[in-house]
Every structure is written in structure tokens, then in C-alpha cells.
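Okay, model.tsv now, which holds TSV, C-alpha atoms (C1' of nucleotides):
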```
chain	number	residue	atom	x	y	z
H	1	MET	CA	33.60	-32.73	-103.15
H	2	GLU	CA	36.26	-31.06	-101.08
H	3	GLU	CA	36.38	-33.47	-98.14
H	4	ASP	CA	38.40	-32.75	-95.02
H	5	ASP	CA	39.51	-29.22	-95.64
H	6	PHE	CA	41.57	-28.48	-92.56
H	7	THR	CA	41.73	-24.79	-93.32
H	8	LEU	CA	38.11	-24.89	-92.13
H	9	CYS	CA	38.96	-26.67	-88.89
H	10	VAL	CA	37.21	-24.78	-86.11
H	11	LEU	CA	39.53	-26.14	-83.47
H	12	ASN	CA	42.66	-25.00	-85.25
H	13	ASN	CA	41.29	-21.60	-86.07
H	14	ALA	CA	39.81	-20.97	-82.64
H	15	ARG	CA	43.00	-21.95	-80.84
H	16	LYS	CA	45.19	-19.95	-83.22
H	17	ALA	CA	43.00	-16.91	-82.72
H	18	ALA	CA	42.98	-17.27	-78.94
H	19	ARG	CA	46.76	-17.66	-78.86
H	20	ALA	CA	47.26	-14.58	-81.01
H	21	VAL	CA	44.83	-12.49	-78.99
H	22	SER	CA	46.16	-13.76	-75.67
H	23	ARG	CA	49.74	-12.95	-76.62
H	24	HIS	CA	48.78	-9.43	-77.58
H	25	TYR	CA	46.84	-8.72	-74.39
H	26	ASP	CA	49.37	-10.58	-72.29
H	27	ARG	CA	52.26	-8.37	-73.34
H	28	LEU	CA	50.30	-5.33	-72.32
H	29	ALA	CA	48.94	-6.86	-69.11
H	30	ARG	CA	52.43	-7.73	-67.94
H	31	GLN	CA	53.24	-4.04	-67.92
H	32	ALA	CA	50.66	-3.81	-65.13
H	33	GLY	CA	52.10	-6.86	-63.34
H	34	MET	CA	49.58	-9.49	-64.29
H	35	THR	CA	48.76	-11.91	-67.06
H	36	ALA	CA	45.93	-11.56	-69.51
H	37	GLY	CA	44.12	-14.50	-67.93
H	38	GLN	CA	44.35	-12.93	-64.50
H	39	PHE	CA	42.91	-9.74	-65.90
H	40	SER	CA	39.94	-11.68	-67.25
H	41	VAL	CA	39.24	-13.30	-63.91
H	42	LEU	CA	39.59	-10.03	-62.02
H	43	VAL	CA	37.08	-8.38	-64.33
H	44	ALA	CA	34.69	-11.28	-63.88
H	45	ILE	CA	35.00	-11.10	-60.11
H	46	ARG	CA	34.45	-7.37	-60.10
H	47	GLN	CA	31.07	-7.93	-61.73
H	48	THR	CA	30.14	-10.60	-59.22
H	49	THR	CA	27.84	-10.15	-56.31
H	50	GLU	CA	27.04	-13.57	-54.88
H	51	GLU	CA	28.19	-16.14	-57.36
H	52	THR	CA	29.40	-19.58	-56.44
H	53	THR	CA	32.68	-20.85	-57.91
H	54	GLY	CA	30.88	-23.07	-60.37
H	55	GLU	CA	28.65	-20.28	-61.60
H	56	LEU	CA	31.61	-17.99	-62.07
H	57	ALA	CA	33.39	-20.75	-63.97
H	58	ASP	CA	30.39	-21.25	-66.21
H	59	ARG	CA	30.28	-17.57	-66.96
H	60	LEU	CA	33.89	-17.81	-68.12
H	61	SER	CA	33.29	-21.10	-69.98
H	62	MET	CA	36.11	-22.39	-67.83
H	63	ASP	CA	36.44	-25.62	-65.93
H	64	ARG	CA	35.64	-25.08	-62.26
H	65	THR	CA	38.92	-26.61	-61.12
H	66	THR	CA	40.88	-24.36	-63.46
H	67	LEU	CA	39.19	-21.36	-61.92
H	68	VAL	CA	39.91	-22.63	-58.39
H	69	ARG	CA	43.63	-22.53	-59.07
H	70	ASN	CA	43.49	-19.21	-60.87
H	71	VAL	CA	41.67	-17.63	-57.98
H	72	ALA	CA	43.98	-19.25	-55.44
H	73	LEU	CA	46.86	-17.55	-57.21
H	74	LEU	CA	45.08	-14.21	-57.12
H	75	GLU	CA	44.43	-14.68	-53.42
H	76	ARG	CA	48.11	-15.37	-52.78
H	77	LYS	CA	48.88	-12.16	-54.64
H	78	GLY	CA	46.45	-10.34	-52.37
H	79	LEU	CA	44.18	-9.21	-55.19
H	80	VAL	CA	41.12	-11.23	-54.28
H	81	ALA	CA	39.53	-12.31	-51.00
H	82	SER	CA	37.04	-15.10	-50.50
H	83	SER	CA	34.43	-15.86	-47.91
H	84	MET	CA	31.54	-18.24	-47.46
H	85	SER	CA	28.29	-16.97	-48.86
H	86	SER	CA	25.50	-16.52	-46.34
H	87	GLU	CA	22.98	-18.39	-48.48
H	88	SER	CA	23.76	-21.05	-51.10
H	89	ARG	CA	26.58	-22.82	-49.20
H	90	GLY	CA	29.11	-21.56	-51.75
H	91	LYS	CA	32.18	-19.41	-51.61
H	92	CYS	CA	32.05	-15.90	-52.90
H	93	TYR	CA	34.88	-13.71	-54.07
H	94	ARG	CA	35.54	-10.01	-54.07
H	95	LEU	CA	38.39	-7.74	-55.12
H	96	THR	CA	40.60	-6.36	-52.39
H	97	ASP	CA	41.55	-2.70	-52.53
H	98	LYS	CA	44.85	-3.76	-54.00
H	99	GLY	CA	43.03	-5.76	-56.64
H	100	ARG	CA	40.75	-2.87	-57.49
H	101	THR	CA	43.70	-0.52	-57.80
H	102	LEU	CA	45.65	-2.91	-59.99
H	103	LEU	CA	42.66	-3.35	-62.26
H	104	GLU	CA	42.38	0.43	-62.50
H	105	ASP	CA	46.04	0.60	-63.56
H	106	ALA	CA	45.49	-2.01	-66.22
H	107	LEU	CA	42.49	-0.33	-67.80
H	108	PRO	CA	44.38	2.05	-70.12
H	109	LEU	CA	46.36	-0.91	-71.41
H	110	TRP	CA	43.19	-2.89	-71.96
H	111	ARG	CA	41.69	0.02	-73.87
H	112	LYS	CA	44.78	0.17	-76.04
H	113	ALA	CA	44.52	-3.55	-76.77
H	114	GLN	CA	40.85	-3.24	-77.66
H	115	GLY	CA	41.73	-0.31	-79.93
H	116	ASP	CA	44.46	-2.33	-81.63
H	117	VAL	CA	42.01	-5.11	-82.45
H	118	MET	CA	39.40	-2.59	-83.53
H	119	SER	CA	41.76	-0.97	-86.01
H	120	HIS	CA	42.95	-4.35	-87.22
H	121	LEU	CA	39.42	-5.57	-87.92
H	122	GLY	CA	37.51	-2.40	-88.66
H	123	GLU	CA	34.50	-1.34	-86.62
H	124	ALA	CA	31.84	-3.40	-88.39
H	125	ASP	CA	33.89	-6.61	-88.37
H	126	PHE	CA	34.80	-5.98	-84.75
H	127	LEU	CA	31.21	-6.34	-83.60
H	128	ARG	CA	30.54	-9.26	-85.91
H	129	THR	CA	33.63	-11.02	-84.58
H	130	ILE	CA	32.61	-10.53	-80.97
H	131	SER	CA	29.21	-11.96	-81.68
H	132	ALA	CA	30.71	-14.93	-83.54
H	133	LEU	CA	32.94	-15.66	-80.55
H	134	LYS	CA	29.99	-15.47	-78.19
H	135	LYS	CA	28.07	-17.95	-80.29
H	136	LEU	CA	31.00	-20.35	-80.23
H	137	SER	CA	31.25	-20.09	-76.46
H	138	ASP	CA	27.95	-21.78	-75.84
H	139	LEU	CA	28.71	-24.68	-78.10
L	1	MET	CA	29.15	7.05	-73.70
L	2	GLU	CA	29.32	3.41	-72.78
L	3	GLU	CA	32.96	3.22	-71.65
L	4	ASP	CA	34.67	-0.04	-70.80
L	5	ASP	CA	32.05	-2.53	-71.81
L	6	PHE	CA	33.69	-5.81	-70.88
L	7	THR	CA	31.11	-7.84	-72.74
L	8	LEU	CA	33.01	-6.56	-75.79
L	9	CYS	CA	36.39	-7.69	-74.45
L	10	VAL	CA	38.10	-9.54	-77.27
L	11	LEU	CA	40.40	-11.38	-74.89
L	12	ASN	CA	37.58	-12.71	-72.78
L	13	ASN	CA	35.48	-13.75	-75.72
L	14	ALA	CA	38.33	-15.31	-77.67
L	15	ARG	CA	39.54	-17.34	-74.71
L	16	LYS	CA	36.04	-18.43	-73.79
L	17	ALA	CA	35.38	-19.54	-77.34
L	18	ALA	CA	38.66	-21.42	-77.57
L	19	ARG	CA	38.01	-23.17	-74.27
L	20	ALA	CA	34.52	-24.21	-75.35
L	21	VAL	CA	35.68	-25.43	-78.74
L	22	SER	CA	38.74	-27.17	-77.31
L	23	ARG	CA	36.67	-29.01	-74.74
L	24	HIS	CA	34.28	-30.24	-77.39
L	25	TYR	CA	36.99	-31.48	-79.75
L	26	ASP	CA	39.07	-32.78	-76.86
L	27	ARG	CA	36.37	-35.10	-75.63
L	28	LEU	CA	36.08	-36.62	-79.07
L	29	ALA	CA	39.84	-36.73	-79.67
L	30	ARG	CA	40.40	-38.64	-76.46
L	31	GLN	CA	38.32	-41.45	-77.88
L	32	ALA	CA	41.10	-41.83	-80.44
L	33	GLY	CA	43.80	-41.64	-77.76
L	34	MET	CA	44.99	-38.07	-78.23
L	35	THR	CA	44.18	-34.54	-77.21
L	36	ALA	CA	42.69	-31.90	-79.45
L	37	GLY	CA	45.95	-29.97	-79.45
L	38	GLN	CA	47.88	-33.03	-80.54
L	39	PHE	CA	45.42	-33.54	-83.35
L	40	SER	CA	46.06	-29.98	-84.56
L	41	VAL	CA	49.80	-30.46	-84.58
L	42	LEU	CA	49.55	-33.81	-86.36
L	43	VAL	CA	47.41	-32.25	-89.06
L	44	ALA	CA	49.88	-29.40	-89.45
L	45	ILE	CA	52.79	-31.81	-89.75
L	46	ARG	CA	51.00	-33.91	-92.30
L	47	GLN	CA	50.77	-30.86	-94.55
L	48	THR	CA	54.45	-30.08	-94.10
L	49	THR	CA	57.15	-30.78	-96.61
L	50	GLU	CA	60.33	-29.01	-95.49
L	51	GLU	CA	59.36	-26.56	-92.80
L	52	THR	CA	61.61	-25.51	-89.97
L	53	THR	CA	60.25	-25.57	-86.42
L	54	GLY	CA	59.83	-21.82	-86.36
L	55	GLU	CA	57.93	-21.75	-89.61
L	56	LEU	CA	55.62	-24.50	-88.43
L	57	ALA	CA	55.06	-22.59	-85.19
L	58	ASP	CA	54.23	-19.44	-87.12
L	59	ARG	CA	51.74	-21.32	-89.20
L	60	LEU	CA	50.02	-22.41	-85.97
L	61	SER	CA	50.37	-18.93	-84.39
L	62	MET	CA	52.09	-20.79	-81.60
L	63	ASP	CA	55.26	-19.97	-79.73
L	64	ARG	CA	58.16	-21.96	-81.10
L	65	THR	CA	59.09	-23.34	-77.69
L	66	THR	CA	55.53	-24.48	-77.09
L	67	LEU	CA	55.65	-26.38	-80.34
L	68	VAL	CA	59.02	-27.93	-79.46
L	69	ARG	CA	57.50	-29.55	-76.40
L	70	ASN	CA	54.32	-30.60	-78.16
L	71	VAL	CA	56.33	-32.28	-80.88
L	72	ALA	CA	58.69	-33.88	-78.36
L	73	LEU	CA	55.64	-35.47	-76.76
L	74	LEU	CA	54.41	-36.74	-80.11
L	75	GLU	CA	57.85	-38.18	-80.80
L	76	ARG	CA	57.84	-40.01	-77.47
L	77	LYS	CA	54.46	-41.43	-78.44
L	78	GLY	CA	55.96	-42.60	-81.70
L	79	LEU	CA	53.62	-40.57	-83.87
L	80	VAL	CA	56.15	-38.17	-85.35
L	81	ALA	CA	59.77	-38.51	-86.43
L	82	SER	CA	62.25	-35.69	-86.96
L	83	SER	CA	65.40	-35.31	-88.99
L	84	MET	CA	67.70	-32.51	-90.05
L	85	SER	CA	66.70	-30.86	-93.26
L	86	SER	CA	69.25	-31.12	-96.07
L	87	GLU	CA	69.09	-27.39	-96.83
L	88	SER	CA	68.20	-24.59	-94.37
L	89	ARG	CA	69.92	-26.03	-91.25
L	90	GLY	CA	66.53	-26.71	-89.64
L	91	LYS	CA	64.78	-29.77	-88.38
L	92	CYS	CA	61.92	-31.22	-90.30
L	93	TYR	CA	59.12	-33.44	-89.07
L	94	ARG	CA	57.05	-36.16	-90.62
L	95	LEU	CA	54.33	-38.51	-89.46
L	96	THR	CA	55.30	-42.08	-88.74
L	97	ASP	CA	53.06	-44.86	-90.01
L	98	LYS	CA	51.59	-45.07	-86.53
L	99	GLY	CA	50.91	-41.35	-86.59
L	100	ARG	CA	49.27	-41.53	-89.98
L	101	THR	CA	47.08	-44.42	-88.85
L	102	LEU	CA	46.04	-42.67	-85.66
L	103	LEU	CA	45.14	-39.55	-87.60
L	104	GLU	CA	43.06	-41.69	-89.92
L	105	ASP	CA	41.22	-43.13	-86.91
L	106	ALA	CA	40.53	-39.66	-85.58
L	107	LEU	CA	39.09	-38.31	-88.80
L	108	PRO	CA	35.50	-39.51	-88.31
L	109	LEU	CA	35.50	-37.91	-84.87
L	110	TRP	CA	36.85	-34.68	-86.30
L	111	ARG	CA	34.14	-34.70	-88.96
L	112	LYS	CA	31.52	-35.18	-86.26
L	113	ALA	CA	32.92	-32.25	-84.29
L	114	GLN	CA	32.92	-30.04	-87.38
L	115	GLY	CA	29.35	-31.09	-88.04
L	116	ASP	CA	28.33	-30.26	-84.50
L	117	VAL	CA	29.70	-26.75	-84.84
L	118	MET	CA	28.15	-26.41	-88.26
L	119	SER	CA	24.71	-27.26	-86.98
L	120	HIS	CA	25.17	-25.02	-83.96
L	121	LEU	CA	26.09	-22.01	-86.08
L	122	GLY	CA	24.32	-22.65	-89.35
L	123	GLU	CA	26.17	-22.93	-92.63
L	124	ALA	CA	26.46	-19.25	-93.46
L	125	ASP	CA	27.65	-18.23	-90.00
L	126	PHE	CA	30.05	-21.14	-90.00
L	127	LEU	CA	32.07	-19.70	-92.86
L	128	ARG	CA	31.85	-16.18	-91.50
L	129	THR	CA	33.09	-17.39	-88.14
L	130	ILE	CA	36.05	-19.21	-89.64
L	131	SER	CA	37.03	-16.13	-91.53
L	132	ALA	CA	36.68	-13.95	-88.43
L	133	LEU	CA	38.96	-16.32	-86.53
L	134	LYS	CA	41.54	-16.24	-89.32
L	135	LYS	CA	41.57	-12.47	-89.26
L	136	LEU	CA	42.15	-12.47	-85.52
L	137	SER	CA	45.03	-14.90	-85.89
L	138	ASP	CA	47.24	-12.44	-87.71
L	139	LEU	CA	46.70	-9.70	-85.18
U	1	DA	C1'	17.42	-40.43	-36.23
U	2	DC	C1'	19.55	-41.95	-40.25
U	3	DT	C1'	20.61	-42.44	-44.74
U	4	DT	C1'	20.63	-40.82	-49.48
U	5	DT	C1'	20.92	-37.32	-52.61
U	6	DT	C1'	23.00	-33.28	-54.04
U	7	DA	C1'	25.53	-28.90	-54.27
U	8	DG	C1'	29.46	-27.53	-53.30
U	9	DT	C1'	34.60	-27.89	-52.22
U	10	DG	C1'	39.80	-29.13	-53.41
U	11	DT	C1'	43.95	-32.29	-55.19
U	12	DG	C1'	46.72	-35.44	-58.51
U	13	DT	C1'	48.22	-35.86	-62.89
U	14	DA	C1'	48.96	-34.63	-67.60
U	15	DT	C1'	49.14	-31.39	-71.04
U	16	DA	C1'	49.53	-26.54	-73.14
U	17	DT	C1'	51.36	-21.90	-73.32
U	18	DG	C1'	54.92	-18.39	-73.66
U	19	DC	C1'	58.86	-15.43	-71.91
U	20	DA	C1'	63.77	-15.19	-70.66
U	21	DC	C1'	67.71	-17.28	-71.36
U	22	DA	C1'	71.48	-20.17	-72.99
U	23	DC	C1'	73.51	-22.92	-76.49
U	24	DT	C1'	75.21	-24.28	-81.49
U	25	DA	C1'	76.55	-23.78	-85.95
U	26	DC	C1'	76.56	-21.55	-90.49
U	27	DT	C1'	77.94	-17.07	-92.85
U	28	DG	C1'	80.20	-13.35	-94.01
U	29	DA	C1'	83.21	-9.30	-93.34
U	30	DA	C1'	87.60	-7.17	-91.10
P	1	DT	C1'	91.52	-16.41	-89.87
P	2	DT	C1'	89.14	-14.83	-86.48
P	3	DC	C1'	85.15	-12.92	-84.99
P	4	DA	C1'	80.54	-10.65	-85.12
P	5	DG	C1'	76.04	-11.62	-86.78
P	6	DT	C1'	72.29	-14.60	-87.40
P	7	DA	C1'	69.26	-18.59	-87.89
P	8	DG	C1'	68.38	-22.16	-85.72
P	9	DT	C1'	68.12	-25.18	-81.51
P	10	DG	C1'	66.45	-26.49	-76.43
P	11	DT	C1'	65.60	-25.62	-71.05
P	12	DG	C1'	63.81	-23.25	-66.60
P	13	DC	C1'	60.13	-21.22	-64.76
P	14	DA	C1'	55.46	-19.70	-64.12
P	15	DT	C1'	50.94	-20.02	-65.45
P	16	DA	C1'	46.64	-22.11	-67.67
P	17	DT	C1'	43.65	-25.94	-68.78
P	18	DA	C1'	40.74	-29.92	-67.78
P	19	DC	C1'	39.61	-34.77	-66.42
P	20	DA	C1'	39.27	-38.15	-62.64
P	21	DC	C1'	38.84	-38.56	-58.13
P	22	DA	C1'	37.98	-37.73	-53.25
P	23	DC	C1'	36.02	-35.03	-49.70
P	24	DT	C1'	32.27	-32.10	-46.89
P	25	DA	C1'	28.12	-30.60	-45.55
P	26	DA	C1'	23.28	-29.03	-46.35
P	27	DA	C1'	18.49	-30.98	-47.69
P	28	DA	C1'	15.30	-34.19	-47.94
P	29	DG	C1'	13.07	-38.75	-47.82
P	30	DT	C1'	11.78	-42.76	-44.93
```
Render the structure in this file as C-alpha cells.
Amino acid sequence: MEEDDFTLCVLNNARKAARAVSRHYDRLARQAGMTAGQFSVLVAIRQTTEETTGELADRLSMDRTTLVRNVALLERKGLVASSMSSESRGKCYRLTDKGRTLLEDALPLWRKAQGDVMSHLGEADFLRTISALKKLSDL
Amino acid sequence: MEEDDFTLCVLNNARKAARAVSRHYDRLARQAGMTAGQFSVLVAIRQTTEETTGELADRLSMDRTTLVRNVALLERKGLVASSMSSESRGKCYRLTDKGRTLLEDALPLWRKAQGDVMSHLGEADFLRTISALKKLSDL
DNA sequence: ACTTTTAGTGTGTATATGCACACTACTGAA
DNA sequence: TTCAGTAGTGTGCATATACACACTAAAAGT
């Protein structure tokens, strides 16, 4: 029967995994003067051309208002600049030079973190894990 | 060569997945008057016999101080009670009757959430995903 | 023209997360 | 017996997360 096996709780396992991963990347990111979350947003903005805040938030599976505050922080730090988009009445964001440089500094640390996970999981499981996470994201 | 493919960023994907899953479970949990995170901690405490705060935190891959505040909140809500352990100089936690009842109320919602994920992933992928998440947790 | 819909913006409040730090009390060795 | 180590506790600060709510302005219907 096996009802209510909490070792199979997706919530628990997903949060535990995210906390563990975040901690690992965070410790490295701090060496470059930012948090892991900030790194994620910077990367997302770098890939952006003309995305509205809501679209960017969707791409990160993040609440729009969460992103607003994250980006506001990055603007205060001088890493990101915003302006109104010509079409589509939305804001758009871009990295400042400082932001681009900082991201460049953080890249070797990111590569190390990725390598750490890779060697922890093994190459085959690494790709399977990524794809499992992606599938969960569009729940 | 394919250097620096951020679609393979473990941090990004893990956080995205956790946000998506948390949101889903959270919306259901709120119907029972708690958050998804509180549900997780309540479940963990229910399984506890004589665990110190640090051990409980480890089991959740959560920082000890984060857990302290989560539990303090649950105590204020009257769902959890704490006392000093006889051996091992640590605190130990237990559900109050109110906590046990609330958890009971939340169970059908939890089962629905698990079912939603199950049907989103398919049964085989479900188990593979859980095991991938577990592996990430002890990074 | 004006009013409604709609696509976008931001703020208030509550919770979650973790690092740095400080505190307390057993435990054991000089 | 005092004192260093250690296993535990909690707080200050900064950030992250999301829901409810309120606001603004473009688009579109009448």
C-alpha cells in the first residue's frame, strides 16, 4: 500500500536540492561580490534584447514582483540599467559595463561550480538531472 | 566547443524548479492555513524522536538558523512545542495536537499536489526525478 | 470624446534563507 | 580548579520569495 511516503515528497526534495545547490554557488559567487541569485538574474538579462519585466520573470519561473526588487537592487549596485522600450510599453534592462565586467569575473567561479556538480553526479546523470529540473519548472 | 551554455546552469535550473514546485504546493497549503515550507518542517518534526536542531536542519539541508526561525514561527502558531532533551544537551521538538490535526487536514491537499506532479512527469520520470533531487541535496 | 479593457508598473506585508557573530553550558585536561 | 575546547543555542543583517493590492497608460469599442 505504502501511503504517504514523505521521502517521495517533491516539495521537500526540490527545496532541499535548491538550498544545497544555492549554498554551493552562493559561496563561490560571494568571492566575486554577488549572490548566486544575482548571478542568475544578470545572466538572464545579458541574454535579453527587448523583454518586458513579466516576460523576463516568466523565463526565470519567478514572480514578477520578486524580479522587480532583485533588479532594483542590481540597479542600485550599478550593474544594470533600465529604460522604457520603444514598442510594447514595457521596461527593458541591460547590463552596464560594470555589470558586464563583474559577470566576466564570476565566470571562472561559475565554471568551477558546474564542474563540482558534474563530478558529483557523473556526466550522464548531469544531463538527465538538468532535463528533470527543466521539466519540473513548467509544472 | 560550446563553452558556457547557461541553459545547463544547475543553479538556474534548480532554483527555477524549486520556485515552480513551491508555488504549486504553496497555493494548496494555504487552503489549509499554512505555507509549503511550514508543511515541510511539520512533516520533518513528526518523524523526529530525539533530534537536535542542527540534526533536523541537516536532514532538511537547511541552515540551522533558518530552521530556528521557522520553528519559532510554528511555536507561536501553537503547532509545535519544544523542550530540552534529557540526553545530548539539545532541544527537541514535537507536534502539538493542533499541529497534528492541521497536518492531517493538509494531507489530502498534499496528495493532490503529488498527483499533479506525477501526472505532469509520468510515473517513471517521477521516481527518476526524485532520485536526481536527492543526489543534488548532498552536494 | 469617453469609457472600458488590458498590459504593464510598483508597494505592503509576511515568510524564507543563510552568513557572521555572540552567547551558554557541558567536558575534559593542565 | 581553572580554563580551553566544543556542542549547542539565538540575533542582526541582507537578500529572496510571492500574494494582495493599487496605480498608470496604451488600445479599442461605442
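Residues of chain H lying within 8 Å of chain P, counting all atoms listed in the file, are Asp63, Thr65, Thr66 and Arg89 of chain H.
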Write a file of the just-selected residues containing C-alpha atoms, as a CSV table (one decimal), in the coordinates of the input.
```
chain,number,residue,atom,x,y,z
H,63,ASP,CA,36.4,-25.6,-65.9
H,65,THR,CA,38.9,-26.6,-61.1
H,66,THR,CA,40.9,-24.4,-63.5
H,89,ARG,CA,26.6,-22.8,-49.2
```
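As for atom CA of L:Gly54 and atom CA of H:Lys16, they are spaced 15.1 Å apart.
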Considering all atoms listed in the file, give me a table of residues in chain U that are at most 12 Å from chain L, with the closest atom pair and distance in Å for each, as CSV.
```
residue,atom,partner,partner_atom,distance
U:DA14,C1',L:Thr35,CA,10.7
U:DT15,C1',L:Thr35,CA,8.5
U:DA16,C1',L:Thr66,CA,7.5
U:DT17,C1',L:Thr66,CA,6.2
U:DG18,C1',L:Asp63,CA,6.3
U:DC19,C1',L:Asp63,CA,9.7
U:DA20,C1',L:Thr65,CA,11.7
U:DT24,C1',L:Arg89,CA,11.2
U:DA25,C1',L:Arg89,CA,8.8
U:DC26,C1',L:Arg89,CA,8.0
```
- Message: Using Å and a single decimal, report how far atom CA of L:Asp4 sits from atom CA of H:Thr49.
- Response: 18.9 Å
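With the cut-off set to 6 Å and all atoms listed in the file counted, chain L residues close to chain H are Asn13, Ala14, Arg15, Lys16, Ala17, Ala18, Ala20, Ser61, Thr129, Ala132, Leu133, Leu136 and Ser137 of chain L.
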- Query: What's the 7 Å shell around H:Ser83, counting all atoms listed in the file, without same-chain residues fewer than 2 positions away, as a ChimeraX atom specification?
  - Reply: /H:81,85,91-93
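Atom pair atom CA of L:Gly115 / atom CA of L:Thr101: separated by 22.2 Å.
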Listed atoms of stretch 9-14 of chain U, axis-aligned box, 5 Å per side: centre and edge lengths to one decimal in Å, as JSON?
```
{"center_x": 41.8, "center_y": -31.9, "center_z": -59.9, "size_x": 24.4, "size_y": 18.0, "size_z": 25.4}
```
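Residues with at least one atom no more than 12 Å from (46.2, -10.8, -50.4), using all atoms listed in the file, are H:Val71, H:Ala72, H:Leu73, H:Leu74, H:Glu75, H:Arg76, H:Lys77, H:Gly78, H:Leu79, H:Val80, H:Ala81, H:Ser82, H:Arg94, H:Leu95, H:Thr96, H:Asp97, H:Lys98, H:Gly99, H:Arg100.
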